[in-house]
file final27.cif (mmCIF, C-alpha atoms and all ligand atoms)
data_work
loop_
_atom_site.label_atom_id
_atom_site.label_comp_id
_atom_site.auth_asym_id
_atom_site.auth_seq_id
_atom_site.Cartn_x
_atom_site.Cartn_y
_atom_site.Cartn_z
CA MET B 1 0.00 0.00 0.00
CA LYS B 2 1.20 3.52 -0.81
CA LYS B 3 2.51 5.24 2.33
CA ARG B 4 2.66 8.99 2.91
CA ILE B 5 6.15 9.72 4.18
CA LEU B 6 7.58 12.93 5.62
CA VAL B 7 11.31 13.57 5.14
CA THR B 8 12.60 16.52 7.17
CA GLY B 9 15.83 17.94 5.78
CA GLY B 10 14.71 16.41 2.47
CA ALA B 11 16.56 18.94 0.29
CA GLY B 12 19.91 18.13 1.90
CA PHE B 13 22.53 15.59 0.88
CA LEU B 14 21.06 12.44 2.46
CA GLY B 15 17.45 13.67 2.41
CA SER B 16 17.41 14.18 -1.36
CA HIS B 17 18.62 10.61 -2.01
CA LEU B 18 16.07 9.30 0.46
CA CYS B 19 13.16 11.21 -1.19
CA GLU B 20 14.18 9.79 -4.56
CA ARG B 21 14.35 6.19 -3.27
CA LEU B 22 11.03 6.42 -1.41
CA LEU B 23 9.29 7.78 -4.52
CA LYS B 24 10.82 5.01 -6.66
CA GLU B 25 9.41 2.49 -4.19
CA GLY B 26 5.91 3.84 -4.87
CA ASN B 27 5.34 6.12 -1.87
CA GLU B 28 4.02 9.65 -1.50
CA VAL B 29 6.78 11.90 -0.20
CA ILE B 30 6.54 15.23 1.63
CA CYS B 31 9.92 16.96 1.71
CA LEU B 32 10.21 19.57 4.47
CA ASP B 33 13.22 21.88 4.59
CA ASN B 34 14.19 25.41 5.60
CA PHE B 35 17.04 25.42 3.03
CA PHE B 36 19.71 26.35 5.56
CA THR B 37 22.17 23.87 4.04
CA GLY B 38 19.86 22.14 1.56
CA ASP B 39 19.57 23.07 -2.08
CA LYS B 40 16.56 23.05 -4.41
CA LYS B 41 18.87 21.67 -7.12
CA ASN B 42 19.03 18.39 -5.16
CA ILE B 43 15.28 17.84 -5.58
CA GLU B 44 14.58 19.82 -8.75
CA HIS B 45 14.09 16.63 -10.76
CA LEU B 46 11.38 15.45 -8.33
CA LEU B 47 9.27 18.61 -8.40
CA ASP B 48 6.99 17.56 -11.25
CA ASN B 49 6.32 14.14 -9.71
CA HIS B 50 2.65 14.05 -8.74
CA TYR B 51 3.50 12.18 -5.53
CA PHE B 52 6.15 14.65 -4.33
CA GLU B 53 5.41 17.77 -2.24
CA LEU B 54 7.84 20.39 -0.99
CA ILE B 55 7.24 22.49 2.14
CA ARG B 56 9.52 25.32 3.26
CA HIS B 57 9.38 25.03 7.04
CA ASP B 58 11.67 25.10 10.06
CA VAL B 59 11.34 22.04 12.33
CA THR B 60 11.78 24.22 15.41
CA PHE B 61 8.14 25.26 14.81
CA PRO B 62 5.25 22.77 15.07
CA ILE B 63 3.49 21.60 11.93
CA SER B 64 0.30 19.66 11.38
CA LEU B 65 0.30 16.95 8.68
CA GLU B 66 -1.16 13.48 8.17
CA VAL B 67 1.63 10.98 7.56
CA ASP B 68 2.40 7.28 8.06
CA GLU B 69 6.17 7.59 8.53
CA ILE B 70 8.65 10.33 9.40
CA TYR B 71 12.38 10.37 8.64
CA ASN B 72 13.80 13.18 10.79
CA LEU B 73 16.97 14.35 9.04
CA ALA B 74 16.71 18.13 9.47
CA CYS B 75 19.97 19.42 10.95
CA PRO B 76 23.14 20.84 9.41
CA ALA B 77 25.77 18.08 9.38
CA SER B 78 29.07 19.70 8.50
CA PRO B 79 31.10 21.24 11.35
CA PRO B 80 31.41 24.74 9.78
CA HIS B 81 27.66 24.84 9.16
CA TYR B 82 26.52 23.54 12.53
CA GLN B 83 29.01 25.83 14.29
CA PHE B 84 27.82 28.88 12.31
CA ASP B 85 24.74 29.34 14.53
CA PRO B 86 25.27 26.85 17.37
CA VAL B 87 22.18 27.90 19.35
CA GLN B 88 19.99 27.23 16.32
CA THR B 89 21.75 23.85 15.87
CA THR B 90 20.78 22.72 19.36
CA LYS B 91 17.24 24.05 18.84
CA THR B 92 16.96 22.17 15.55
CA SER B 93 17.95 18.88 17.17
CA VAL B 94 16.02 19.25 20.41
CA ILE B 95 12.93 21.32 19.60
CA GLY B 96 12.85 19.75 16.13
CA ALA B 97 12.78 16.28 17.71
CA ILE B 98 9.96 17.30 20.09
CA ASN B 99 7.87 18.72 17.23
CA MET B 100 8.37 15.68 15.02
CA LEU B 101 7.76 13.24 17.88
CA ASP B 102 4.53 15.10 18.77
CA LEU B 103 3.48 14.81 15.14
CA ALA B 104 4.29 11.07 15.14
CA LYS B 105 2.34 10.62 18.38
CA ARG B 106 -0.73 12.38 17.00
CA CYS B 107 -0.65 10.55 13.63
CA LYS B 108 0.47 7.23 15.14
CA ALA B 109 3.30 7.38 12.62
CA LYS B 110 6.58 5.52 12.83
CA ILE B 111 9.54 7.89 13.20
CA LEU B 112 13.24 7.46 12.43
CA GLN B 113 15.89 9.74 13.87
CA ALA B 114 19.08 10.49 11.93
CA SER B 115 21.45 10.38 14.88
CA THR B 116 25.20 10.31 14.53
CA SER B 117 28.49 8.72 15.48
CA GLU B 118 29.18 12.10 17.14
CA VAL B 119 27.19 10.83 20.15
CA TYR B 120 30.41 8.87 20.87
CA GLY B 121 32.43 12.13 20.86
CA ASP B 122 36.21 11.65 20.78
CA PRO B 123 35.92 7.94 21.57
CA GLU B 124 38.06 6.15 24.13
CA VAL B 125 36.65 2.82 22.94
CA HIS B 126 37.66 1.81 19.43
CA PRO B 127 35.92 0.65 17.25
CA GLN B 128 32.57 1.83 18.61
CA PRO B 129 29.70 -0.53 19.55
CA GLU B 130 26.21 0.86 20.25
CA SER B 131 26.71 0.09 23.95
CA TYR B 132 29.57 2.63 24.24
CA ARG B 133 28.25 5.72 26.07
CA GLY B 134 30.65 8.17 24.52
CA SER B 135 33.15 10.83 25.46
CA VAL B 136 31.58 14.17 24.56
CA SER B 137 32.57 17.65 25.71
CA THR B 138 29.51 19.56 26.94
CA THR B 139 31.20 22.92 26.46
CA GLY B 140 33.32 22.65 23.29
CA ILE B 141 32.53 23.91 19.80
CA ARG B 142 31.07 20.56 18.66
CA ALA B 143 28.77 20.26 21.68
CA CYS B 144 25.84 22.08 20.01
CA TYR B 145 25.65 19.22 17.52
CA ASP B 146 26.77 16.29 19.70
CA GLU B 147 24.70 17.16 22.75
CA GLY B 148 21.72 18.20 20.62
CA LYS B 149 21.77 14.78 18.95
CA ARG B 150 22.25 12.99 22.29
CA CYS B 151 19.26 14.82 23.76
CA ALA B 152 17.21 13.96 20.65
CA GLU B 153 17.99 10.26 21.25
CA THR B 154 16.81 10.66 24.86
CA LEU B 155 13.57 12.26 23.67
CA PHE B 156 12.98 9.45 21.18
CA PHE B 157 13.35 6.80 23.89
CA ASP B 158 11.17 8.75 26.34
CA TYR B 159 8.38 9.16 23.76
CA TYR B 160 8.68 5.42 23.12
CA ARG B 161 8.46 4.47 26.80
CA GLN B 162 5.99 7.17 27.88
CA TYR B 163 3.63 7.34 24.88
CA GLY B 164 4.35 4.17 22.89
CA VAL B 165 5.56 6.07 19.80
CA LYS B 166 7.17 3.69 17.29
CA ILE B 167 10.78 4.82 17.02
CA LYS B 168 13.94 3.91 15.13
CA VAL B 169 17.27 5.50 16.05
CA MET B 170 20.10 5.31 13.51
CA ARG B 171 23.66 6.36 14.34
CA ILE B 172 25.10 7.48 11.02
CA PHE B 173 28.87 7.44 10.47
CA ASN B 174 30.62 9.69 7.90
CA THR B 175 28.79 9.40 4.60
CA TYR B 176 29.69 10.91 1.24
CA GLY B 177 28.52 11.02 -2.37
CA PRO B 178 26.65 13.09 -4.98
CA ASN B 179 24.46 15.99 -3.74
CA MET B 180 26.89 16.96 -1.01
CA ASN B 181 27.29 20.71 -0.96
CA PRO B 182 30.72 21.23 -2.60
CA TYR B 183 31.50 24.04 -0.15
CA ASP B 184 30.08 22.69 3.11
CA GLY B 185 33.54 22.11 4.57
CA ARG B 186 33.41 18.33 5.07
CA VAL B 187 36.57 16.46 4.29
CA VAL B 188 35.49 14.48 1.21
CA SER B 189 33.94 17.50 -0.50
CA ASN B 190 36.86 19.77 0.45
CA PHE B 191 39.55 17.38 -0.80
CA ILE B 192 37.80 16.57 -4.09
CA VAL B 193 36.94 20.19 -4.91
CA GLN B 194 40.46 21.33 -4.00
CA ALA B 195 42.00 18.56 -6.11
CA LEU B 196 39.76 19.35 -9.10
CA LYS B 197 40.62 23.05 -8.91
CA GLY B 198 44.35 22.37 -8.43
CA GLU B 199 44.24 24.16 -5.05
CA ASP B 200 46.11 23.14 -1.89
CA ILE B 201 44.59 20.19 -0.02
CA THR B 202 43.81 21.48 3.50
CA MET B 203 44.94 18.81 5.95
CA TYR B 204 43.89 19.54 9.55
CA GLY B 205 46.37 18.23 12.11
CA ASP B 206 48.96 15.70 10.94
CA GLY B 207 46.37 13.72 8.97
CA THR B 208 46.72 10.56 11.08
CA GLN B 209 43.20 10.96 12.50
CA SER B 210 40.82 8.37 11.04
CA ARG B 211 37.27 8.14 9.75
CA SER B 212 35.26 5.37 8.07
CA PHE B 213 33.44 6.52 4.95
CA CYS B 214 30.13 5.08 3.75
CA TYR B 215 28.82 5.68 0.24
CA VAL B 216 25.37 7.30 0.20
CA ASP B 217 23.55 4.46 -1.63
CA ASP B 218 24.60 1.97 1.07
CA LEU B 219 23.55 4.38 3.80
CA ILE B 220 20.08 5.00 2.33
CA ASP B 221 19.59 1.25 1.95
CA GLY B 222 20.37 0.81 5.66
CA MET B 223 18.04 3.65 6.60
CA ILE B 224 15.06 2.18 4.74
CA ARG B 225 15.79 -1.29 6.12
CA LEU B 226 15.77 0.15 9.62
CA MET B 227 12.43 1.91 9.10
CA ASN B 228 10.96 -1.38 7.83
CA SER B 229 12.47 -3.54 10.59
CA ARG B 230 10.35 -5.39 13.17
CA ASP B 231 8.40 -3.03 15.49
CA GLU B 232 10.27 -4.10 18.64
CA PHE B 233 13.61 -3.11 17.14
CA THR B 234 14.20 0.53 18.07
CA GLY B 235 17.99 0.75 17.74
CA PRO B 236 20.14 2.67 18.36
CA VAL B 237 22.00 1.01 15.52
CA ASN B 238 25.28 2.00 13.88
CA ILE B 239 25.10 2.41 10.10
CA GLY B 240 28.42 3.09 8.44
CA ASN B 241 31.29 1.50 6.59
CA PRO B 242 33.71 -0.22 8.98
CA VAL B 243 36.74 0.22 6.71
CA GLU B 244 38.85 2.88 8.41
CA PHE B 245 41.19 5.35 6.66
CA THR B 246 43.44 8.17 7.85
CA MET B 247 42.91 11.60 6.32
CA LEU B 248 46.36 11.26 4.73
CA GLU B 249 45.23 8.07 2.98
CA LEU B 250 42.03 9.79 1.85
CA ALA B 251 43.96 12.75 0.40
CA GLU B 252 46.33 10.41 -1.45
CA LYS B 253 43.40 8.50 -2.98
CA VAL B 254 41.68 11.71 -4.07
CA ILE B 255 44.88 13.09 -5.63
CA HIS B 256 45.45 9.79 -7.44
CA LEU B 257 41.87 9.43 -8.73
CA THR B 258 41.62 13.03 -9.95
CA GLY B 259 45.17 13.05 -11.39
CA SER B 260 45.60 16.38 -9.58
CA LYS B 261 48.84 18.26 -8.99
CA SER B 262 47.53 19.65 -5.69
CA LYS B 263 49.82 19.54 -2.67
CA MET B 264 48.83 18.93 0.94
CA VAL B 265 49.10 21.91 3.27
CA PHE B 266 48.88 21.33 7.02
CA HIS B 267 46.63 23.42 9.32
CA PRO B 268 45.95 23.13 13.07
CA LEU B 269 43.52 20.40 14.13
CA PRO B 270 40.18 22.01 15.17
CA GLN B 271 39.19 21.80 18.85
CA ASP B 272 37.65 18.46 19.97
CA ASP B 273 38.17 16.90 16.52
CA PRO B 274 37.79 13.13 17.15
CA LEU B 275 41.05 11.27 16.51
CA GLN B 276 39.47 8.00 15.44
CA ARG B 277 36.11 6.65 14.37
CA GLN B 278 35.01 3.23 13.15
CA PRO B 279 31.63 1.56 13.57
CA ILE B 280 30.98 -1.96 14.75
CA ILE B 281 28.05 -3.00 12.54
CA ASP B 282 27.23 -6.45 13.94
CA LEU B 283 23.81 -5.27 15.10
CA ALA B 284 22.90 -3.90 11.65
CA LYS B 285 24.06 -7.17 10.05
CA LYS B 286 21.94 -9.23 12.44
CA GLU B 287 18.77 -7.13 12.61
CA LEU B 288 18.70 -5.55 9.15
CA ASP B 289 20.76 -8.03 7.13
CA TRP B 290 22.70 -4.94 6.06
CA GLU B 291 26.30 -4.23 5.32
CA PRO B 292 27.89 -1.70 2.97
CA LYS B 293 28.87 -2.85 -0.53
CA VAL B 294 30.57 0.15 -2.17
CA MET B 295 34.36 0.38 -1.84
CA LEU B 296 35.87 3.79 -1.13
CA GLU B 297 37.58 4.03 -4.54
CA ASP B 298 34.35 3.30 -6.42
CA GLY B 299 32.37 5.77 -4.33
CA LEU B 300 35.04 8.42 -4.75
CA LYS B 301 34.98 7.99 -8.54
CA LYS B 302 31.21 8.62 -8.62
CA SER B 303 31.58 11.57 -6.26
CA ILE B 304 34.35 13.11 -8.37
CA GLU B 305 32.05 13.04 -11.43
CA TYR B 306 29.34 14.79 -9.42
CA PHE B 307 31.68 17.46 -8.01
CA LYS B 308 33.08 18.17 -11.49
CA SER B 309 29.63 19.21 -12.68
CA ALA B 310 28.60 20.82 -9.36
CA ILE B 311 31.50 23.28 -9.33
CA GLU B 312 30.72 24.27 -12.92
CA ARG B 313 27.07 25.12 -12.13
P1 LIG G 401 22.78 18.42 5.02
O1 LIG G 401 23.27 19.63 5.72
O2 LIG G 401 23.10 18.24 3.59
O3 LIG G 401 21.20 18.29 5.16
C1 LIG G 401 20.47 18.76 6.26
C2 LIG G 401 19.17 19.35 5.74
O4 LIG G 401 18.41 19.81 6.87
C3 LIG G 401 19.40 20.55 4.83
O5 LIG G 401 18.59 20.42 3.69
C4 LIG G 401 18.98 21.75 5.69
O6 LIG G 401 18.53 22.84 4.94
C5 LIG G 401 17.90 21.12 6.56
N1 LIG G 401 17.69 21.81 7.83
C6 LIG G 401 18.63 22.25 8.70
N2 LIG G 401 18.04 22.84 9.76
C7 LIG G 401 16.70 22.77 9.54
C8 LIG G 401 15.56 23.21 10.27
N3 LIG G 401 15.68 23.86 11.44
N4 LIG G 401 14.33 22.99 9.74
C9 LIG G 401 14.20 22.36 8.55
N5 LIG G 401 15.23 21.93 7.82
C10 LIG G 401 16.47 22.13 8.32
O7 LIG G 401 23.29 17.16 5.87
P2 LIG G 401 23.20 15.60 5.58
O8 LIG G 401 24.59 15.09 5.46
O9 LIG G 401 22.21 15.31 4.52
O10 LIG G 401 22.66 15.08 6.98
C11 LIG G 401 21.30 14.72 7.16
C12 LIG G 401 21.11 14.21 8.59
O11 LIG G 401 21.94 13.08 8.82
C13 LIG G 401 21.46 15.24 9.66
O12 LIG G 401 20.53 15.14 10.71
C14 LIG G 401 22.83 14.81 10.14
O13 LIG G 401 23.05 15.17 11.47
C15 LIG G 401 22.75 13.30 9.96
N6 LIG G 401 24.10 12.72 9.78
C16 LIG G 401 24.77 12.85 8.58
C17 LIG G 401 26.04 12.32 8.45
C18 LIG G 401 26.82 12.40 7.15
O14 LIG G 401 27.97 11.97 7.12
N7 LIG G 401 26.26 12.91 6.08
C19 LIG G 401 26.65 11.69 9.55
C20 LIG G 401 25.96 11.60 10.74
C21 LIG G 401 24.67 12.11 10.85
N1 LIG G 402 39.43 17.62 7.68
C1 LIG G 402 40.62 17.97 7.04
N2 LIG G 402 40.58 18.91 6.06
C2 LIG G 402 39.42 19.50 5.64
C3 LIG G 402 38.21 19.13 6.28
C4 LIG G 402 38.26 18.19 7.30
O1 LIG G 402 41.70 17.45 7.37
O2 LIG G 402 39.47 20.32 4.72
C5 LIG G 402 39.47 16.60 8.74
C6 LIG G 402 38.75 17.00 10.02
O3 LIG G 402 39.62 17.72 10.88
C7 LIG G 402 38.37 15.64 10.59
C8 LIG G 402 38.12 14.78 9.34
O4 LIG G 402 38.77 15.45 8.28
O5 LIG G 402 39.44 15.09 11.31
C9 LIG G 402 36.64 14.61 9.00
O6 LIG G 402 36.07 15.90 8.97
P1 LIG G 402 34.54 16.19 8.56
O7 LIG G 402 34.30 17.64 8.83
O8 LIG G 402 34.27 15.67 7.20
O9 LIG G 402 33.65 15.28 9.52
P2 LIG G 402 33.66 14.97 11.10
O10 LIG G 402 34.84 15.62 11.75
O11 LIG G 402 32.37 15.52 11.58
O12 LIG G 402 33.75 13.50 11.13
#
call {"tool": "encode", "arguments": {"input": "final27.cif", "output": "structure tokens"}}
result
Amino acid sequence: MKKRILVTGGAGFLGSHLCERLLKEGNEVICLDNFFTGDKKNIEHLLDNHYFELIRHDVTFPISLEVDEIYNLACPASPPHYQFDPVQTTKTSVIGAINMLDLAKRCKAKILQASTSEVYGDPEVHPQPESYRGSVSTTGIRACYDEGKRCAETLFFDYYRQYGVKIKVMRIFNTYGPNMNPYDGRVVSNFIVQALKGEDITMYGDGTQSRSFCYVDDLIDGMIRLMNSRDEFTGPVNIGNPVEFTMLELAEKVIHLTGSKSKMVFHPLPQDDPLQRQPIIDLAKKELDWEPKVMLEDGLKKSIEYFKSAIER
């Protein structure tokens, strides 16, 4: 049966891929976005689809809709963007979660929260299982995002226990691919755009810090599997690619794949920048029969093609 599905943050990087997939699967999709970091270009090709609606709205204000499912993705994800207006970032995560959970409660809709590996902070346990409670600064420059997302998880579990709302909490690890904003300051977009333009590659710190990069198609597959998982399974569940790379390795791959003459230039490591990050995905394998399929090189090749055309637009 056709479901009516709300995607908050639907004009952003992940949201736009999700809207497209949900429409392809025969659903009605309502995309809600305030366009802080999202871009109409990401969803332009969906606008004349009869089953697609776009609403300009900020999740920090309540909204009344009739929906069967909600994917709550609204929140800037790149450090420069979420640190630009940190008070608004916390409001988006916390008040946004309350508004969307209230909507889910009233509609009896199922609701999925796009949480993050940042709930683990600068982790002392490596790699990270869902049971790890994290090492997060409450006062640093990343706290608006990390603590906002942690509080949102708390709200999800309290609405579940107190009101019986059907929840799914997904901890997303670094994801990349087409529709990323070329200038949003994340490492994959920065390195590829710099390499394509022949500019210096900006390496923060000595480049030995690590991340694990998941290609967007794998991530969206995991997200939809989680929404469709058995009712009793709430998560939190890690979704990410467990293959870990240092930023030096990433830069070398990008330079190689673009054939660029760019050189690496070293800058100070930003405050509270996590030194390592790698998901344990055993729970996702068991509950969702999910694991990522796209290798970093293949995903980077597709991303490079996208960024080539994005920087020309
Ligand atoms: P993005 O910045 O591309 O997309 C976020 C979208 O939310 C944008 O379209 C933006 O305009 C919208 N938005 C922001 N504040 C809003 C508000 N108050 N009201 C309505 N819309 C608002 O980021 P993304 O990478 O697509 O991330 C989507 C979600 O996934 C975010 O919640 C993010 O925290 C989470 N996440 C992403 C990653 C990743 O690597 N991409 C990792 C962990 C978690
Ligand atoms: N980074 C970098 N150069 C850049 C952008 C980021 O070296 O131009 C580093 C950053 O310090 C961090 C890693 O790359 O250690 C991942 O950064 P990103 O902002 O993509 O995501 P997050 O830190 O939230 O995982």
call {"tool": "residues_around", "arguments": {"input": "final27.cif", "residues": "Gly177 of chain B", "least_positions_apart": "4", "cutoff": "8 Å", "atoms": "only C-alpha atoms", "output": "JSON list (two decimals) with C-alpha atoms, in the frame of the given file"}}
result
[["chain", "number", "residue", "atom", "x", "y", "z"],
["B", 215, "TYR", "CA", 28.82, 5.68, 0.24],
["B", 216, "VAL", "CA", 25.37, 7.30, 0.20],
["B", 299, "GLY", "CA", 32.37, 5.77, -4.33],
["B", 300, "LEU", "CA", 35.04, 8.42, -4.75],
["B", 302, "LYS", "CA", 31.21, 8.62, -8.62],
["B", 303, "SER", "CA", 31.58, 11.57, -6.26]]
call {"tool": "closest_atom_pairs", "arguments": {"input": "final27.cif", "of": "chain B", "to": "ligand LIG 401 (chain G)", "cutoff": "8 Å", "atoms": "only C-alpha atoms and all ligand atoms", "output": "tab-separated table"}}
result
residue	atom	partner	partner_atom	distance
B:Thr8	CA	G:LIG401	N5	6.1
B:Gly9	CA	G:LIG401	O4	3.4
B:Gly10	CA	G:LIG401	O5	5.7
B:Ala11	CA	G:LIG401	O5	4.2
B:Gly12	CA	G:LIG401	O5	3.2
B:Phe13	CA	G:LIG401	O9	3.7
B:Leu14	CA	G:LIG401	O9	3.7
B:Gly15	CA	G:LIG401	O9	5.5
B:Ser16	CA	G:LIG401	O9	7.7
B:Leu32	CA	G:LIG401	C9	6.4
B:Asp33	CA	G:LIG401	N5	3.8
B:Asn34	CA	G:LIG401	C9	4.2
B:Phe35	CA	G:LIG401	O6	3.5
B:Phe36	CA	G:LIG401	O6	3.8
B:Thr37	CA	G:LIG401	O6	3.9
B:Gly38	CA	G:LIG401	O5	3.0
B:Asp39	CA	G:LIG401	O5	6.4
B:Arg56	CA	G:LIG401	C9	7.7
B:His57	CA	G:LIG401	C9	5.7
B:Asp58	CA	G:LIG401	N4	3.4
B:Val59	CA	G:LIG401	N4	4.1
B:Thr60	CA	G:LIG401	N3	5.6
B:Asn72	CA	G:LIG401	O12	7.0
B:Leu73	CA	G:LIG401	O12	4.0
B:Ala74	CA	G:LIG401	O4	3.5
B:Cys75	CA	G:LIG401	C6	3.9
B:Pro76	CA	G:LIG401	O1	3.9
B:Ala77	CA	G:LIG401	O7	4.4
B:Ser78	CA	G:LIG401	O1	6.4
B:His81	CA	G:LIG401	O1	7.6
B:Gln88	CA	G:LIG401	N3	7.3
B:Thr89	CA	G:LIG401	N2	7.2
B:Lys91	CA	G:LIG401	N3	7.6
B:Thr92	CA	G:LIG401	N3	4.6
B:Ser93	CA	G:LIG401	O12	7.9
B:Gly96	CA	G:LIG401	N3	6.8
B:Gln113	CA	G:LIG401	O12	7.8
B:Ala114	CA	G:LIG401	O11	5.0
B:Ser115	CA	G:LIG401	C21	5.4
B:Thr116	CA	G:LIG401	C20	4.1
B:Ser117	CA	G:LIG401	C20	6.1
B:Glu118	CA	G:LIG401	C20	7.2
B:Tyr145	CA	G:LIG401	O13	7.7
B:Lys149	CA	G:LIG401	O13	7.6
B:Arg171	CA	G:LIG401	C20	6.8
B:Ile172	CA	G:LIG401	C20	4.2
B:Phe173	CA	G:LIG401	C19	4.9
B:Asn174	CA	G:LIG401	O14	3.6
B:Thr175	CA	G:LIG401	O14	3.7
B:Tyr176	CA	G:LIG401	O14	6.2
B:Asn179	CA	G:LIG401	O2	7.8
B:Met180	CA	G:LIG401	O2	6.1
B:Asn181	CA	G:LIG401	O2	6.7
B:Asp184	CA	G:LIG401	O1	7.9
B:Cys214	CA	G:LIG401	O14	8.0
call {"tool": "write_last_selection", "arguments": {"input": "final27.cif", "atoms": "C-alpha atoms", "output": "PDB file, in the coordinates of the input"}}
result
ATOM      1  CA  THR B   8      12.600  16.520   7.170  1.00  0.00           C
ATOM      2  CA  GLY B   9      15.830  17.940   5.780  1.00  0.00           C
ATOM      3  CA  GLY B  10      14.710  16.410   2.470  1.00  0.00           C
ATOM      4  CA  ALA B  11      16.560  18.940   0.290  1.00  0.00           C
ATOM      5  CA  GLY B  12      19.910  18.130   1.900  1.00  0.00           C
ATOM      6  CA  PHE B  13      22.530  15.590   0.880  1.00  0.00           C
ATOM      7  CA  LEU B  14      21.060  12.440   2.460  1.00  0.00           C
ATOM      8  CA  GLY B  15      17.450  13.670   2.410  1.00  0.00           C
ATOM      9  CA  SER B  16      17.410  14.180  -1.360  1.00  0.00           C
ATOM     10  CA  LEU B  32      10.210  19.570   4.470  1.00  0.00           C
ATOM     11  CA  ASP B  33      13.220  21.880   4.590  1.00  0.00           C
ATOM     12  CA  ASN B  34      14.190  25.410   5.600  1.00  0.00           C
ATOM     13  CA  PHE B  35      17.040  25.420   3.030  1.00  0.00           C
ATOM     14  CA  PHE B  36      19.710  26.350   5.560  1.00  0.00           C
ATOM     15  CA  THR B  37      22.170  23.870   4.040  1.00  0.00           C
ATOM     16  CA  GLY B  38      19.860  22.140   1.560  1.00  0.00           C
ATOM     17  CA  ASP B  39      19.570  23.070  -2.080  1.00  0.00           C
ATOM     18  CA  ARG B  56       9.520  25.320   3.260  1.00  0.00           C
ATOM     19  CA  HIS B  57       9.380  25.030   7.040  1.00  0.00           C
ATOM     20  CA  ASP B  58      11.670  25.100  10.060  1.00  0.00           C
ATOM     21  CA  VAL B  59      11.340  22.040  12.330  1.00  0.00           C
ATOM     22  CA  THR B  60      11.780  24.220  15.410  1.00  0.00           C
ATOM     23  CA  ASN B  72      13.800  13.180  10.790  1.00  0.00           C
ATOM     24  CA  LEU B  73      16.970  14.350   9.040  1.00  0.00           C
ATOM     25  CA  ALA B  74      16.710  18.130   9.470  1.00  0.00           C
ATOM     26  CA  CYS B  75      19.970  19.420  10.950  1.00  0.00           C
ATOM     27  CA  PRO B  76      23.140  20.840   9.410  1.00  0.00           C
ATOM     28  CA  ALA B  77      25.770  18.080   9.380  1.00  0.00           C
ATOM     29  CA  SER B  78      29.070  19.700   8.500  1.00  0.00           C
ATOM     30  CA  HIS B  81      27.660  24.840   9.160  1.00  0.00           C
ATOM     31  CA  GLN B  88      19.990  27.230  16.320  1.00  0.00           C
ATOM     32  CA  THR B  89      21.750  23.850  15.870  1.00  0.00           C
ATOM     33  CA  LYS B  91      17.240  24.050  18.840  1.00  0.00           C
ATOM     34  CA  THR B  92      16.960  22.170  15.550  1.00  0.00           C
ATOM     35  CA  SER B  93      17.950  18.880  17.170  1.00  0.00           C
ATOM     36  CA  GLY B  96      12.850  19.750  16.130  1.00  0.00           C
ATOM     37  CA  GLN B 113      15.890   9.740  13.870  1.00  0.00           C
ATOM     38  CA  ALA B 114      19.080  10.490  11.930  1.00  0.00           C
ATOM     39  CA  SER B 115      21.450  10.380  14.880  1.00  0.00           C
ATOM     40  CA  THR B 116      25.200  10.310  14.530  1.00  0.00           C
ATOM     41  CA  SER B 117      28.490   8.720  15.480  1.00  0.00           C
ATOM     42  CA  GLU B 118      29.180  12.100  17.140  1.00  0.00           C
ATOM     43  CA  TYR B 145      25.650  19.220  17.520  1.00  0.00           C
ATOM     44  CA  LYS B 149      21.770  14.780  18.950  1.00  0.00           C
ATOM     45  CA  ARG B 171      23.660   6.360  14.340  1.00  0.00           C
ATOM     46  CA  ILE B 172      25.100   7.480  11.020  1.00  0.00           C
ATOM     47  CA  PHE B 173      28.870   7.440  10.470  1.00  0.00           C
ATOM     48  CA  ASN B 174      30.620   9.690   7.900  1.00  0.00           C
ATOM     49  CA  THR B 175      28.790   9.400   4.600  1.00  0.00           C
ATOM     50  CA  TYR B 176      29.690  10.910   1.240  1.00  0.00           C
ATOM     51  CA  ASN B 179      24.460  15.990  -3.740  1.00  0.00           C
ATOM     52  CA  MET B 180      26.890  16.960  -1.010  1.00  0.00           C
ATOM     53  CA  ASN B 181      27.290  20.710  -0.960  1.00  0.00           C
ATOM     54  CA  ASP B 184      30.080  22.690   3.110  1.00  0.00           C
ATOM     55  CA  CYS B 214      30.130   5.080   3.750  1.00  0.00           C
TER      56      CYS B 214
END
call {"tool": "closest_residue", "arguments": {"input": "final27.cif", "among": "B:Leu23, B:Met100, B:Gln278, B:His17", "to": "Lys2 of chain B", "atoms": "only C-alpha atoms"}}
result
B:Leu23
call {"tool": "atom_distance", "arguments": {"input": "final27.cif", "atom1": "atom CA of Thr208 of chain B", "atom2": "atom CA of Gln271 of chain B"}}
result
15.6 Å
call {"tool": "closest_atom_pairs", "arguments": {"input": "final27.cif", "of": "chain B", "to": "ligand LIG 402 (chain G)", "cutoff": "7 Å", "atoms": "only C-alpha atoms and all ligand atoms", "output": "tab-separated table"}}
result
residue	atom	partner	partner_atom	distance
B:Ser78	CA	G:LIG402	O7	5.6
B:Pro79	CA	G:LIG402	O7	5.4
B:Asn174	CA	G:LIG402	O12	5.9
B:Gly185	CA	G:LIG402	C3	5.8
B:Arg186	CA	G:LIG402	O8	3.5
B:Val187	CA	G:LIG402	C3	3.7
B:Val188	CA	G:LIG402	O8	6.2
B:Asn190	CA	G:LIG402	O2	5.0
B:Phe191	CA	G:LIG402	O2	6.3
B:Ile201	CA	G:LIG402	O2	7.0
B:Thr202	CA	G:LIG402	O2	4.7
B:Met203	CA	G:LIG402	O1	3.8
B:Tyr204	CA	G:LIG402	O1	3.7
B:Gly205	CA	G:LIG402	O1	6.7
B:Gly207	CA	G:LIG402	O1	6.2
B:Gln209	CA	G:LIG402	O5	5.7
B:Ser210	CA	G:LIG402	O5	6.9
B:Arg211	CA	G:LIG402	C9	6.5
B:Met247	CA	G:LIG402	O4	6.0
B:Leu269	CA	G:LIG402	O3	5.7
B:Pro270	CA	G:LIG402	O3	6.1
B:Asp273	CA	G:LIG402	O5	5.7
B:Pro274	CA	G:LIG402	O5	6.4
B:Leu275	CA	G:LIG402	O5	6.7
